[in-house]
Every structure is written in C-alpha cells, then in structure tokens.
Amino acid sequence: MDYASVELRIGLGCMRLSTEPEQDEELALATIAAAVDAGVTVFDTARSYGDNERLLARALRSSGADARARIVTKGGMTRVGGAWVPDGRAKALRADCEASLAALDGLPIDLYLIHAPDPRTPWRTSLRALERLVAEGLVRHVGVSNVNRRLLDEALELAPIAAVQVALSPFDVSALRGGVVARCAEAGVAMIAHSPLGGPRRAPRLARNHALVEVAKAHDATPAEVALAWLLALSPEVLAIPGARRPETARSAAAAAALTLDPEERALLDGEFGAGGAERTRRTGAEVVLVMGIPGAGKSRFAEEYVARGYERLNRDERGGSLRGLADVLDELLAAGARRVVLDNTYLTRASRSYVIEAATRHGASTRCVWLDTPLAQAQVNHVEWLLERFGSLATPKEVRTLAPTSQMRALRELEPPSVDEGFTDIEHVHFIRASPSDRPHAGVFVAAAVLREGGWEAQGDPDAPHLVFDWRPEGVPEELAPLVASLEAKVAGPVEGALCTHPGGPPTCWCRPPLPGLTLAFARAHGVDPARSILVGTSPAHRTLAATLGARYSDADQR
C-alpha cells in the first residue's frame, strides 16, 4: 500500500458509526461526508462491525468519493454474546472477505486485514489464506492487525504484507517500544494506528494533559489534534485512523495532518508519553541482568543464584506494582550507585523489557538477558510443584484463578524471544534440565483407570511400589474409583490410592485434568516418588503426553 500517494495521513475509523447503542444513520452519513470534504481518503471498517460496510459504501457513493476512497476492512473475527472471538481459519477469512465485498456493493477493498491472530489456528494458515485473496484478485492488498513484532516478522516472510494495524496512542506506546513501528519502517510497510486518541473512555483525558494543552495553545489547536500530529511525527510510515461520530470531530482530526511540531515540542511529548529512548552515557561497569521466561520457567531459582553473588533483586511479586514501575525503581537504584541488579519477572514482550533496558542505558549499565527456554510441559510441572508446596495440596480452580494453566499457554503465545537489537549486551539461552529430587528416591506406578476398566492390567514395575489409579470424570465423585483401587490392591503389594479430576471440559481451569500433571505429582510428593523413575500405564495420547511430561516410562496397555 503506497502511502506516498495518500493525500492525508489521517483516515477515518468507522466502527462507532454503527456499533454504538444509539445509532443515527443520517449523522453517520454526514460524518463520513465531512471527512471526505476534509480530504480523508482512507476509511477503516470491518465485517464484525455490523452494518458498517454497507453504511460506508452508501456514504462514499453519495458524497462522490467512491472512486478515490481507499477502503480498509478486516475479517477473521466474530461476535459471540458481545465478546470478540478471533477466527483465523482459511475458510472463515474467505467467507468474511466475500461477505465484505457483497456489503460494499461493488466498491473494491484496497486493504484486507486479519482482525487478530487466532490462537486456535496456525498463524501460517491464516497468512496463506490472505495471500490467496490477493492472488485471486479479491482484494488489492493484505495486512495484519493487533500483532507483536514476532508475529509481524513471521507475516512478512509468508505473505505480501502491505500494512500493519495496531493500537498506538499517547496511552499505548507498546507498538513503538516493542519494535513494530521500527520494523514497519524497515520493511517499507504502512503502520496504521487504531485508537490513536486512546479510545472513547480515555480520549477525554487528553484535554487535561498539561504538555498537550501547552503545545495546543502554541498552534491554536486542540490537544487531540496535537496528539495526532505527534503520532504522525513518530514515523513517515504511520497513518492514524481516529474514530468520529460527528462531522466536526472528523474535520478536526483531518486538520491535525497539517500541524507540524518543532523538535522541542516533539521531545517534550516523547518524554511525556514514554516514547523516547535513552542515549547511552559512558559505561560505568554496572550490570543489570534480566531473567525472562514464561510463568513456571524457573526464574526465581536463577535470580537467587545471582543474589548469592551480591546482586540486588527486583521482583514484582515481592514489591508489587507494575513492570513499568519496577523499571522506575531500577532507575532510582542505579542513580543511587547500585552496581549489580537482577530482575526476574515475566517479561514476555519487547515493549515490557524496553523500560528496563532504557533505565540501564541511561546510567551507563550493561543489560544482560538470561532467557529460560523452558518447554510448556516442564513449566507446568514447576507450577504444580510450587502450588503443592504453597497450599499443601492441589489448589482449587477458585484458588488458582490467574495461575490457571491457560495463563501459561497464553504467555507462551505472547512470548517474543529476546534479540540483541533490543539493546541487550548479551543473551544467554538456557535450556531446561530437570534434576531428580534428592528427597524422593522411590519409583512409583501411575495407572490410568481405563486400563483397569478394560481388564488390561498386567504387572508393571515393582509390585511393592506405591500405585496411583487416576482418571478424569466431569461431575464424577472420587468414590467411583474405589472398585478399581480394590482390584489393583489384590494384584500388588504396595499401597494403592485413587485420584479423580471432576472438573468440566473446555479450557482447563485446574491442574489435575490429564495430561496436566497435578494428580500424579501430588501423589508422588506424598509418597516420596520420583516421577522420572516411575512407570505410567495408559491407553490414550493424553496418557502418553503425561508420561513424557513427568519423564516416566510409558506402557501402552492397548499394545500389550
């Protein structure tokens, strides 16, 4: 999408013209017409915005702008009970695109975006579907929305990406600090800033910001216009699409494109909104170590090793507050003369890490990264062991809440691996190795209940070892396992226990549903069992996966 030919780097976000509870179609048509009269040529809509595309097409035709308008629309998102649910399947994107073309009634789609990555669909699948839309002539260009730097890099390799749309405003500079804006400039693709004024709830705060108000006075402009001008000044690739519901708002937004800020004003606003980097001062010999990884990766253990070597530790769980606030504490420590500091928090994104690197750079300290590349399954084991140590038993879903398995899975999807171009002086990549627990010398036998129900039991391992019969039966009761436990007790000499997960299906809310390791690890801890010395007898892929997670030898009852 060549923005050299775009007369105005301000577009119109049309979503609220049809999604607000109180809709006024005539006012919406007048708002789009006002934007056209003010020189706006880029109009952003989406299939999931209800009747928005049809409304836009009608407005563009009635205002005579249909020939020169550039329509940006999006697919791959559905509304379920008021919630936004991504759907990145190839057939869903194709169906949404065809429905958008029908709603636009002959007006071409200049740019078609996938609304957001779908965690249930491989990113590669969605990108190839976009590529086919261009190849088949359904749309002129394609792009991606709501992505981080890692997903953008993958998209640029797999599809003819012409533009990227992400949130960028004085209230949200993650795309800037996370390298998305810089990557767009490097690749020569447009960076479309949605919600550039922060959205309807935060936009009123712009008029109360002292820096914006002062700059606005100097230019006889509004604080919102100055905020838009500041965004455009961040990079030539940036185009902002503020939403508007009234003609005067659309005209005001368009006027911001003609507002030029001087270097001092830009520097003032960069500092106000946390957008500017820090110039490196002379190296002081101080060192900041950032230990990163998903929850349960083992960051605390590594940090403790650094503390034993004299490093001061900054950990959000201990100090509270935000990651941004923790970077401010680091800034204060370095200013006070601290020489060695270690931070062990879940720094998943480039944006979240940027504040730490910036603080270190400001004080001439080097920043090393220790990346704990712990597989999800092993992080799950670590997390369950921590829960057992803290609660003495498996926590209930209510107790788990933010510590649910889905939080780890989501963290893994959001993780952006560290890179030296972020400003790290060194990156140490640590692969996970599990040490056998010294206080658990015994082997155990884990038996899936299905093995006993199907009558497929054959002696496995040491008959004197502790045996666990485990199962998942939604809405079941633990007593259901009593007959199976009794039948196994008659065949082995060691103690036999039963453990049942009764939680429902869907995304896991507990740690005890196989192949999650909760039931087996609770049993192992109680009986001094080392899972890696043990045997798991099962009948399904879930059982095989659980054995691999535990490091146990797997015996398939169906194969004997």
# chains A, B, ... in the order shown; residues from 1 in each chain; ligands from 1
$ select_by_dssp --residues "stretch 437-532 of chain A" --states "strand (DSSP E or B)" --output "list in words"
His442, Val445, Phe446, Val447, Ala448, His467, Leu468, Val469, Phe470, Asp471, Trp472, Val496, Glu497, Gly498, Ala499, Leu500, Cys501 and Val529 of chain A
$ select_by_dssp --residues "stretch 389-526 of chain A" --states "alpha helix (DSSP H)" --output "count of residues only"
39
$ atom_distance --atom1 "atom CA of A:Pro196" --atom2 "atom CA of A:Ala244"
11.6 Å
$ residues_around --residues "A:Asp105" --least-positions-apart "5" --cutoff "9 Å" --atoms "only C-alpha atoms" --output "ChimeraX atom specification"
/A:54,57-58,100
$ residues_around --residues "stretch 481-497 of chain A" --least-positions-apart "2" --cutoff "6 Å" --atoms "only C-alpha atoms" --output "list in words"
Pro463, Asp464, Ala465, Pro466, His467, Leu468 and Glu479 of chain A
$ write_last_selection --atoms "N, CA and C atoms" --output "PDB file, in the first residue's frame"
ATOM      1  N   PRO A 463       6.116 -54.441  42.264  1.00  0.00           N
ATOM      2  CA  PRO A 463       4.804 -54.605  42.895  1.00  0.00           C
ATOM      3  C   PRO A 463       4.727 -54.002  44.292  1.00  0.00           C
ATOM      4  N   ASP A 464       5.886 -53.754  44.915  1.00  0.00           N
ATOM      5  CA  ASP A 464       5.901 -53.132  46.234  1.00  0.00           C
ATOM      6  C   ASP A 464       5.845 -51.604  46.163  1.00  0.00           C
ATOM      7  N   ALA A 465       5.950 -51.055  44.963  1.00  0.00           N
ATOM      8  CA  ALA A 465       5.965 -49.600  44.802  1.00  0.00           C
ATOM      9  C   ALA A 465       4.576 -49.021  45.048  1.00  0.00           C
ATOM     10  N   PRO A 466       4.500 -47.742  45.430  1.00  0.00           N
ATOM     11  CA  PRO A 466       3.189 -47.088  45.533  1.00  0.00           C
ATOM     12  C   PRO A 466       2.531 -47.007  44.154  1.00  0.00           C
ATOM     13  N   HIS A 467       1.229 -47.292  44.105  1.00  0.00           N
ATOM     14  CA  HIS A 467       0.468 -47.265  42.859  1.00  0.00           C
ATOM     15  C   HIS A 467      -0.628 -46.209  42.943  1.00  0.00           C
ATOM     16  N   LEU A 468      -0.833 -45.492  41.852  1.00  0.00           N
ATOM     17  CA  LEU A 468      -1.903 -44.493  41.774  1.00  0.00           C
ATOM     18  C   LEU A 468      -2.835 -44.848  40.620  1.00  0.00           C
ATOM     19  N   GLU A 479     -15.451 -41.598  44.895  1.00  0.00           N
ATOM     20  CA  GLU A 479     -15.789 -42.974  45.256  1.00  0.00           C
ATOM     21  C   GLU A 479     -15.918 -43.890  44.043  1.00  0.00           C
TER      22      GLU A 479
END
$ closest_atom_pairs --of "stretch 218-316 of chain A" --to "stretch 421-441 of chain A" --cutoff "10 Å" --atoms "only C-alpha atoms" --output "JSON lines"
{"residue": "A:Glu287", "atom": "CA", "partner": "A:Thr425", "partner_atom": "CA", "distance": 9.9}
{"residue": "A:Val288", "atom": "CA", "partner": "A:Phe424", "partner_atom": "CA", "distance": 9.8}
{"residue": "A:Val289", "atom": "CA", "partner": "A:Phe424", "partner_atom": "CA", "distance": 9.6}
{"residue": "A:Leu290", "atom": "CA", "partner": "A:Phe424", "partner_atom": "CA", "distance": 9.4}
{"residue": "A:Val291", "atom": "CA", "partner": "A:Glu428", "partner_atom": "CA", "distance": 9.5}
{"residue": "A:Ala297", "atom": "CA", "partner": "A:Phe432", "partner_atom": "CA", "distance": 8.3}
{"residue": "A:Gly298", "atom": "CA", "partner": "A:Phe432", "partner_atom": "CA", "distance": 8.8}
$ closest_residue --among "A:Thr31, A:Ser419, A:Ser252, A:Ser534" --to "A:Ala443" --atoms "only C-alpha atoms"
A:Ser534
$ closest_residue --among "A:Val36, A:Ala187, A:Leu152, A:Val445" --to "A:Asp462" --atoms "only C-alpha atoms"
A:Val445
$ residues_around --residues "A:Ala216" --least-positions-apart "4" --cutoff "12 Å" --atoms "only C-alpha atoms" --output "list in words"
Leu206, Ala207, Arg208, Asn209, His210, Ala211, Leu212, Asp220, Ala221, Thr222, Pro223, Ala224, Glu225, Val226, Ala227, Leu228, Ala229, Trp230, Ala256, Leu259, Thr260, Leu261, Glu265 and Leu269 of chain A
